[in-house]
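Here the structure comes first, spelled out in structure tokens, and everything after it is commentary.
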Amino acid sequence: MKNGSTGHQNRQRGPFHGLGITSVLALTIAGATSTPSNAYTAAGDRNFPAQLILPQIGPTDSLWIPISTQPMEAAARKEPTRQTDFTGTYSKLITEQLGIQLGYGLTQLDRLLASPVTGAQNFDALLRYEAILDPDHEFLLSVQVGHEFGGTGDPGVGSDKHGATTPGVTFGKGLGDLPIGYWRPLAITGFAGFEIGEGVRTNLVQDGISIQYSMPYLVSKVANVDMPAFLRGMTPMTEVFFTTPVSHITHVTSQSANTTLVVAPGVSYSRGSGWELGIEAMIPTTRATGSGIGVIAQLVVGLDYLAPDSILGRPLFPSAESP
Amino acid sequence: MERNLFGMLFTLFGLTLWSGAAAATSAGTVIEVSGSCTDDGRVLNRGAPAQIGDTLDVPAGSNLKLQMADGSMISVASDSTMTVTTYNINGSGRDVMLSLTQGVLRVRVTSVTVPSTFEVSTAVGTASVASESADWFIRAQAGSAQVGVLTGIVDLTSTTTRQSVSIPAHWGTRLETGLDPVLPRIWAHTEFDAVIRLTGG
């Protein structure tokens with residue numbers, strides 16, 4: 001579509017010709033939130049569970065499959081009333097600290113007074129390097145650069161014909177090294193990135209944070225709390241993801257109107273046996289983010305755990321082998 | 001004449017029983033030793049047997065390596081104390097229980113064609129081989145135990161909570177007194193190298 005003020009051709013075509021810029025941003029963020037998360041990333045005795053909204057905090061050998069659905073506000077015929085994403089992401093270690101991640105998926109849009117459309121999302125790839133790992137302080141930090149390949153998806157479901165590159169940094173910090181008793185299972189993770197759009201695509205500042213309380217950490221590092229087995233694997237967490245445009249946006253009421261903020265409370269379940277399940281509500285807090293509470297669920301398969309001696313579960317270039 | 005024959009037969013029978021019992025209690029043989037390692041107080045030399053029920057003491061600065069009756073190898077790091085609680089291998093199965101009071105073991109468990117139980121117990125929990133063969137480490141310290149697996153799968157179970165985790169190759173975890181095992185994670189090669197150095201390879 002055309003942005004009326006700049007005359008730039010926007011990323012959307014097909015049924016969204018004429019879609020508002022806020023809807024475009026909502027689609028963008030919905031797409032972003034359905035991508036990568038973390039599996040079996042650990043710092044010392046702290047295992048950070050897979051995240052559903054934020055990018056993962058370290059490179060791994062794993063596969064994760066999130067499914068999300070989010071109601072949207074449609075003001076005119078053919079505008080989307082709900083977006084549902086099915087995504088698959090494969091993460092592969094190149095060395096013990098460097099990994100690559102490939103993601104692809106499908107999006108289905110339910111539309112107002114029109115039949116649903118389904119199409120491919122843009123293909124994306126990401127390179128991530130774990131720069132700091134401090135097991136004693138349960139801290140790790142990674143730097144990453146991701147690229148969305150424009151035009152590889154279906155414009156009919158909002159896939160942009162322009163690509164984008166997003167350098168960023170992620171971190172995780174467990175509080176287990178602090179003398180705070182039953183608060184020690186708490187951990188904080190965070191992400192900061194800057195999406196640089198190609199062509200007329202809008203640049204975005206991206207930030208996120210999560211707070212999580214690990215029951216596995218509680219019962220293995222703090223106290224023998226009597227609770228059912230399934231609760232011992234639970235990690236309640238809340239993720240918050242924020243984006244705001246910083247350029248290319250004109251002819252809109254204000255940039256704040258296009259800011260997206262998703263709050264996602266939920267829970268992750270893992271008993272350290274090679275798979276992990278997570279589910280979160282996606283609560284939009286700005287109009288640009290969505291019009292109702294969505295849901296995201298994710299299955300994570302730890303290839304490094306389930307196939308530790310195969311090429312799937314080991315770095316392509318491991319460190320010198322131990323005898 | 002008849003009495004002498006009975007006497008000889010009785011003696012032969014007794015010798016057979018004695019040698020059988022001696023063979024049954026022999027768990028393995030010392031194939032490498034450095035420093036003043038002892039077996040229930042007796043100084044161990046290369047070729048010495050390790051019997052079921054023996055407690056092997058490897059003081060600081062020493063090392064010990066055993067070849068067990070089933071072909072498995074056990075390397076005992078310095079400053080370690082281990083008891084051979086059970087070591088039975090026969091046509092019906094393998095039943096091994098070692099008790100590690102303190103220190104570090106490297107255990108290379110061979111595969112056998114019979115049902116097998118191979119366990120190492122510590123004060124806080126028990127590690128049990130869950131694969132046909134395995135090459136793994138266990139460290140017992142005051143109030144905790146640590147397991148790292150090079151090949152195979154090892155289960156670690158808390159004595160107090162009875163909760164357990166399975167540790168695959170290249171992974172490791174730890175267990176603290178009275179708690180569940182920590183969720184396993186991938187061990188860095190430097191972590192394996194550290195325990196390999198302790199056990200002398």
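Residue numbering restarts at 1 for every chain of the structure tokens, chains are lettered A, B, ... in their displayed order, and ligands are numbered from 1 as they appear.
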
Residues of chain A within 8 Å of chain B, counting only C-alpha atoms, as an mmCIF file with N, CA and C atoms, in the first residue's frame:
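Printed below is result_7.cif as written:
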data_model
loop_
_atom_site.group_PDB
_atom_site.id
_atom_site.type_symbol
_atom_site.label_atom_id
_atom_site.label_comp_id
_atom_site.auth_asym_id
_atom_site.auth_seq_id
_atom_site.Cartn_x
_atom_site.Cartn_y
_atom_site.Cartn_z
ATOM 1 N N TYR A 40 17.147 -24.668 27.113
ATOM 2 C CA TYR A 40 18.241 -25.280 27.849
ATOM 3 C C TYR A 40 19.484 -24.421 27.941
ATOM 4 N N THR A 41 19.254 -23.133 28.042
ATOM 5 C CA THR A 41 20.393 -22.270 28.256
ATOM 6 C C THR A 41 20.632 -22.192 29.752
ATOM 7 N N ALA A 42 21.857 -22.444 30.152
ATOM 8 C CA ALA A 42 22.150 -22.522 31.581
ATOM 9 C C ALA A 42 23.370 -21.694 31.913
ATOM 10 N N ASP A 45 24.132 -23.511 37.904
ATOM 11 C CA ASP A 45 22.990 -24.364 38.218
ATOM 12 C C ASP A 45 21.665 -23.738 37.797
ATOM 13 N N ASN A 47 19.047 -22.995 35.042
ATOM 14 C CA ASN A 47 18.548 -23.282 33.696
ATOM 15 C C ASN A 47 17.489 -22.241 33.365
ATOM 16 N N PRO A 216 11.915 -25.622 39.658
ATOM 17 C CA PRO A 216 13.034 -26.564 39.680
ATOM 18 C C PRO A 216 14.230 -26.037 40.476
ATOM 19 N N TYR A 217 14.456 -24.735 40.380
ATOM 20 C CA TYR A 217 15.565 -24.156 41.148
ATOM 21 C C TYR A 217 15.225 -24.175 42.645
ATOM 22 N N VAL A 219 13.382 -26.293 44.379
ATOM 23 C CA VAL A 219 13.474 -27.604 45.026
ATOM 24 C C VAL A 219 14.850 -28.256 44.884
ATOM 25 N N SER A 220 15.712 -27.671 44.053
ATOM 26 C CA SER A 220 17.045 -28.262 43.910
ATOM 27 C C SER A 220 18.156 -27.410 44.513
ATOM 28 N N LYS A 221 17.839 -26.160 44.831
ATOM 29 C CA LYS A 221 18.890 -25.283 45.333
ATOM 30 C C LYS A 221 18.522 -24.563 46.626
ATOM 31 N N VAL A 222 17.238 -24.519 46.958
ATOM 32 C CA VAL A 222 16.835 -23.679 48.087
ATOM 33 C C VAL A 222 16.245 -24.501 49.231
ATOM 34 N N ALA A 223 15.188 -25.241 48.951
ATOM 35 C CA ALA A 223 14.505 -25.963 50.036
ATOM 36 C C ALA A 223 13.744 -27.153 49.477
ATOM 37 N N ASN A 224 13.600 -28.159 50.303
ATOM 38 C CA ASN A 224 12.801 -29.323 49.930
ATOM 39 C C ASN A 224 11.343 -29.018 50.238
ATOM 40 N N ARG A 271 11.185 -30.812 33.063
ATOM 41 C CA ARG A 271 11.823 -31.640 34.091
ATOM 42 C C ARG A 271 13.238 -32.019 33.650
ATOM 43 N N GLY A 272 13.770 -31.271 32.725
ATOM 44 C CA GLY A 272 15.130 -31.531 32.283
ATOM 45 C C GLY A 272 15.261 -32.833 31.538
ATOM 46 N N SER A 273 14.254 -33.169 30.735
ATOM 47 C CA SER A 273 14.283 -34.447 30.031
ATOM 48 C C SER A 273 14.227 -34.273 28.518
ATOM 49 N N TYR A 305 20.013 -32.714 24.041
ATOM 50 C CA TYR A 305 19.727 -33.695 25.089
ATOM 51 C C TYR A 305 19.313 -35.033 24.480
ATOM 52 N N LEU A 306 18.440 -34.965 23.485
ATOM 53 C CA LEU A 306 17.873 -36.205 22.939
ATOM 54 C C LEU A 306 18.795 -36.902 21.942
ATOM 55 N N PRO A 308 22.547 -36.433 21.782
ATOM 56 C CA PRO A 308 23.776 -35.736 22.172
ATOM 57 C C PRO A 308 25.007 -36.123 21.374
ATOM 58 N N ASP A 309 24.985 -37.299 20.754
ATOM 59 C CA ASP A 309 26.163 -37.740 20.007
ATOM 60 C C ASP A 309 26.015 -37.570 18.504
ATOM 61 N N SER A 319 34.804 -28.056 20.755
ATOM 62 C CA SER A 319 36.144 -27.869 21.306
ATOM 63 C C SER A 319 36.858 -29.208 21.306
ATOM 64 N N ALA A 320 38.147 -29.160 21.608
ATOM 65 C CA ALA A 320 38.935 -30.386 21.629
ATOM 66 C C ALA A 320 38.219 -31.448 22.448
ATOM 67 N N GLU A 321 38.054 -32.616 21.859
ATOM 68 C CA GLU A 321 37.303 -33.685 22.508
ATOM 69 C C GLU A 321 38.017 -34.173 23.765
ATOM 70 N N SER A 322 37.226 -34.417 24.782
ATOM 71 C CA SER A 322 37.777 -35.046 25.974
ATOM 72 C C SER A 322 37.965 -36.532 25.692
ATOM 73 N N PRO A 323 38.907 -37.165 26.377
ATOM 74 C CA PRO A 323 39.116 -38.590 26.128
ATOM 75 C C PRO A 323 37.921 -39.425 26.588
#

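Minimum distance to Leu133 in chain A across A:Ile57, A:Ala264, A:Ile180, A:Met215 (counting only C-alpha atoms) occurs at A:Ile57.
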
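The neighbours of range 204-209 of chain A here are the residues that come within 7 Å of it, using only C-alpha atoms and leaving out any residue fewer than 2 positions away in the same chain; they are A:Leu54, A:Thr189, A:Gly190, A:Phe191, A:Ala192, A:Gly193, A:Phe194, A:Glu195, A:Ile196, A:Thr202, A:Ile211, A:Glu239, A:Val240, A:Phe241, A:Phe242, A:Thr243, A:Thr244, A:Pro245, A:Val246.
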
(request) May I ask for the distance between CA of Gly150 in chain A and CA of Ala164 in chain A, given in Å to one decimal place? (result) 7.2 Å

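You will find CA of Ser62 in chain A at 16.4 Å from CA of Phe317 in chain A.
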
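Atom pair CA of Pro80 in chain A / CA of Ser68 in chain A has a distance of 14.9 Å (rounded to one decimal).
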
(request) Excluding Lys78 in chain A and residues on its chain fewer than 6 positions from it, collect all residues at most 6 Å away from it, counting only C-alpha atoms, and give them as a PyMOL selection string. (result) chain A and resi 111-112+114

Where in range 176-258 of chain A does DSSP assign strand (DSSP E), given as a short mmCIF file (atom, residue, chain, number, x, y, z; two decimals) with N, CA and C atoms, in the first residue's frame?
data_model
loop_
_atom_site.label_atom_id
_atom_site.label_comp_id
_atom_site.auth_asym_id
_atom_site.auth_seq_id
_atom_site.Cartn_x
_atom_site.Cartn_y
_atom_site.Cartn_z
N LEU A 186 14.26 -16.58 41.65
CA LEU A 186 13.92 -15.54 40.68
C LEU A 186 15.04 -15.35 39.67
N ALA A 187 14.65 -15.02 38.47
CA ALA A 187 15.62 -14.66 37.42
C ALA A 187 15.01 -13.59 36.54
N ILE A 188 15.89 -12.83 35.93
CA ILE A 188 15.48 -11.77 35.02
C ILE A 188 16.21 -11.99 33.70
N THR A 189 15.46 -11.88 32.61
CA THR A 189 16.11 -11.90 31.30
C THR A 189 15.72 -10.63 30.55
N GLY A 190 16.50 -10.27 29.58
CA GLY A 190 16.18 -9.05 28.85
C GLY A 190 16.70 -9.07 27.43
N PHE A 191 16.16 -8.19 26.63
CA PHE A 191 16.56 -8.08 25.23
C PHE A 191 16.47 -6.62 24.80
N ALA A 192 17.45 -6.19 24.04
CA ALA A 192 17.39 -4.87 23.43
C ALA A 192 17.89 -4.99 22.00
N GLY A 193 17.13 -4.47 21.07
CA GLY A 193 17.54 -4.56 19.67
C GLY A 193 17.05 -3.38 18.87
N PHE A 194 17.60 -3.24 17.69
CA PHE A 194 17.18 -2.17 16.80
C PHE A 194 16.99 -2.75 15.41
N GLU A 195 15.74 -2.75 14.98
CA GLU A 195 15.42 -3.32 13.67
C GLU A 195 15.61 -2.26 12.59
N ILE A 196 16.54 -2.54 11.70
CA ILE A 196 16.84 -1.59 10.62
C ILE A 196 16.13 -2.08 9.36
N GLY A 197 15.13 -1.37 8.97
CA GLY A 197 14.35 -1.78 7.82
C GLY A 197 15.04 -1.43 6.51
N LEU A 204 12.68 0.07 13.95
CA LEU A 204 12.00 -0.13 15.22
C LEU A 204 13.01 -0.32 16.35
N VAL A 205 12.72 0.30 17.46
CA VAL A 205 13.45 -0.03 18.68
C VAL A 205 12.68 -1.16 19.35
N GLN A 206 13.41 -2.20 19.77
CA GLN A 206 12.77 -3.34 20.42
C GLN A 206 13.40 -3.56 21.80
N ASP A 207 12.59 -3.70 22.78
CA ASP A 207 13.08 -3.98 24.13
C ASP A 207 12.17 -4.99 24.78
N GLY A 208 12.73 -5.77 25.66
CA GLY A 208 11.90 -6.73 26.37
C GLY A 208 12.55 -7.17 27.67
N ILE A 209 11.72 -7.63 28.56
CA ILE A 209 12.23 -8.11 29.84
C ILE A 209 11.31 -9.23 30.32
N SER A 210 11.86 -10.17 31.05
CA SER A 210 11.02 -11.19 31.66
C SER A 210 11.44 -11.40 33.10
N ILE A 211 10.46 -11.74 33.90
CA ILE A 211 10.72 -12.11 35.30
C ILE A 211 10.17 -13.51 35.49
N GLN A 212 10.95 -14.36 36.07
CA GLN A 212 10.54 -15.76 36.20
C GLN A 212 10.94 -16.32 37.57
N TYR A 213 10.13 -17.26 38.04
CA TYR A 213 10.40 -17.90 39.33
C TYR A 213 10.46 -19.40 39.09
N MET A 234 7.54 -26.52 37.10
CA MET A 234 6.92 -25.28 36.62
C MET A 234 7.82 -24.05 36.84
N THR A 235 7.80 -23.17 35.87
CA THR A 235 8.43 -21.86 36.05
C THR A 235 7.43 -20.79 35.62
N PRO A 236 6.70 -20.21 36.58
CA PRO A 236 5.84 -19.09 36.23
C PRO A 236 6.69 -17.92 35.75
N MET A 237 6.26 -17.28 34.71
CA MET A 237 7.03 -16.12 34.22
C MET A 237 6.13 -15.12 33.53
N THR A 238 6.60 -13.92 33.47
CA THR A 238 5.91 -12.87 32.73
C THR A 238 6.92 -12.18 31.82
N GLU A 239 6.57 -12.14 30.55
CA GLU A 239 7.41 -11.47 29.58
C GLU A 239 6.74 -10.17 29.12
N VAL A 240 7.54 -9.19 28.88
CA VAL A 240 7.04 -7.91 28.37
C VAL A 240 7.88 -7.55 27.15
N PHE A 241 7.20 -7.24 26.05
CA PHE A 241 7.91 -6.90 24.82
C PHE A 241 7.37 -5.61 24.25
N PHE A 242 8.29 -4.74 23.91
CA PHE A 242 7.94 -3.37 23.55
C PHE A 242 8.62 -3.00 22.24
N THR A 243 7.90 -2.39 21.32
CA THR A 243 8.54 -1.84 20.12
C THR A 243 7.99 -0.45 19.86
N THR A 244 8.85 0.36 19.31
CA THR A 244 8.36 1.67 18.89
C THR A 244 9.11 2.09 17.62
N PRO A 245 8.39 2.67 16.67
CA PRO A 245 9.03 3.08 15.43
C PRO A 245 9.87 4.34 15.63
#

(request) Output as a PyMOL selection string all residues of range 5-240 of chain A that backbone DSSP marks as alpha helix (DSSP H). (result) chain A and resi 21-33+215-217
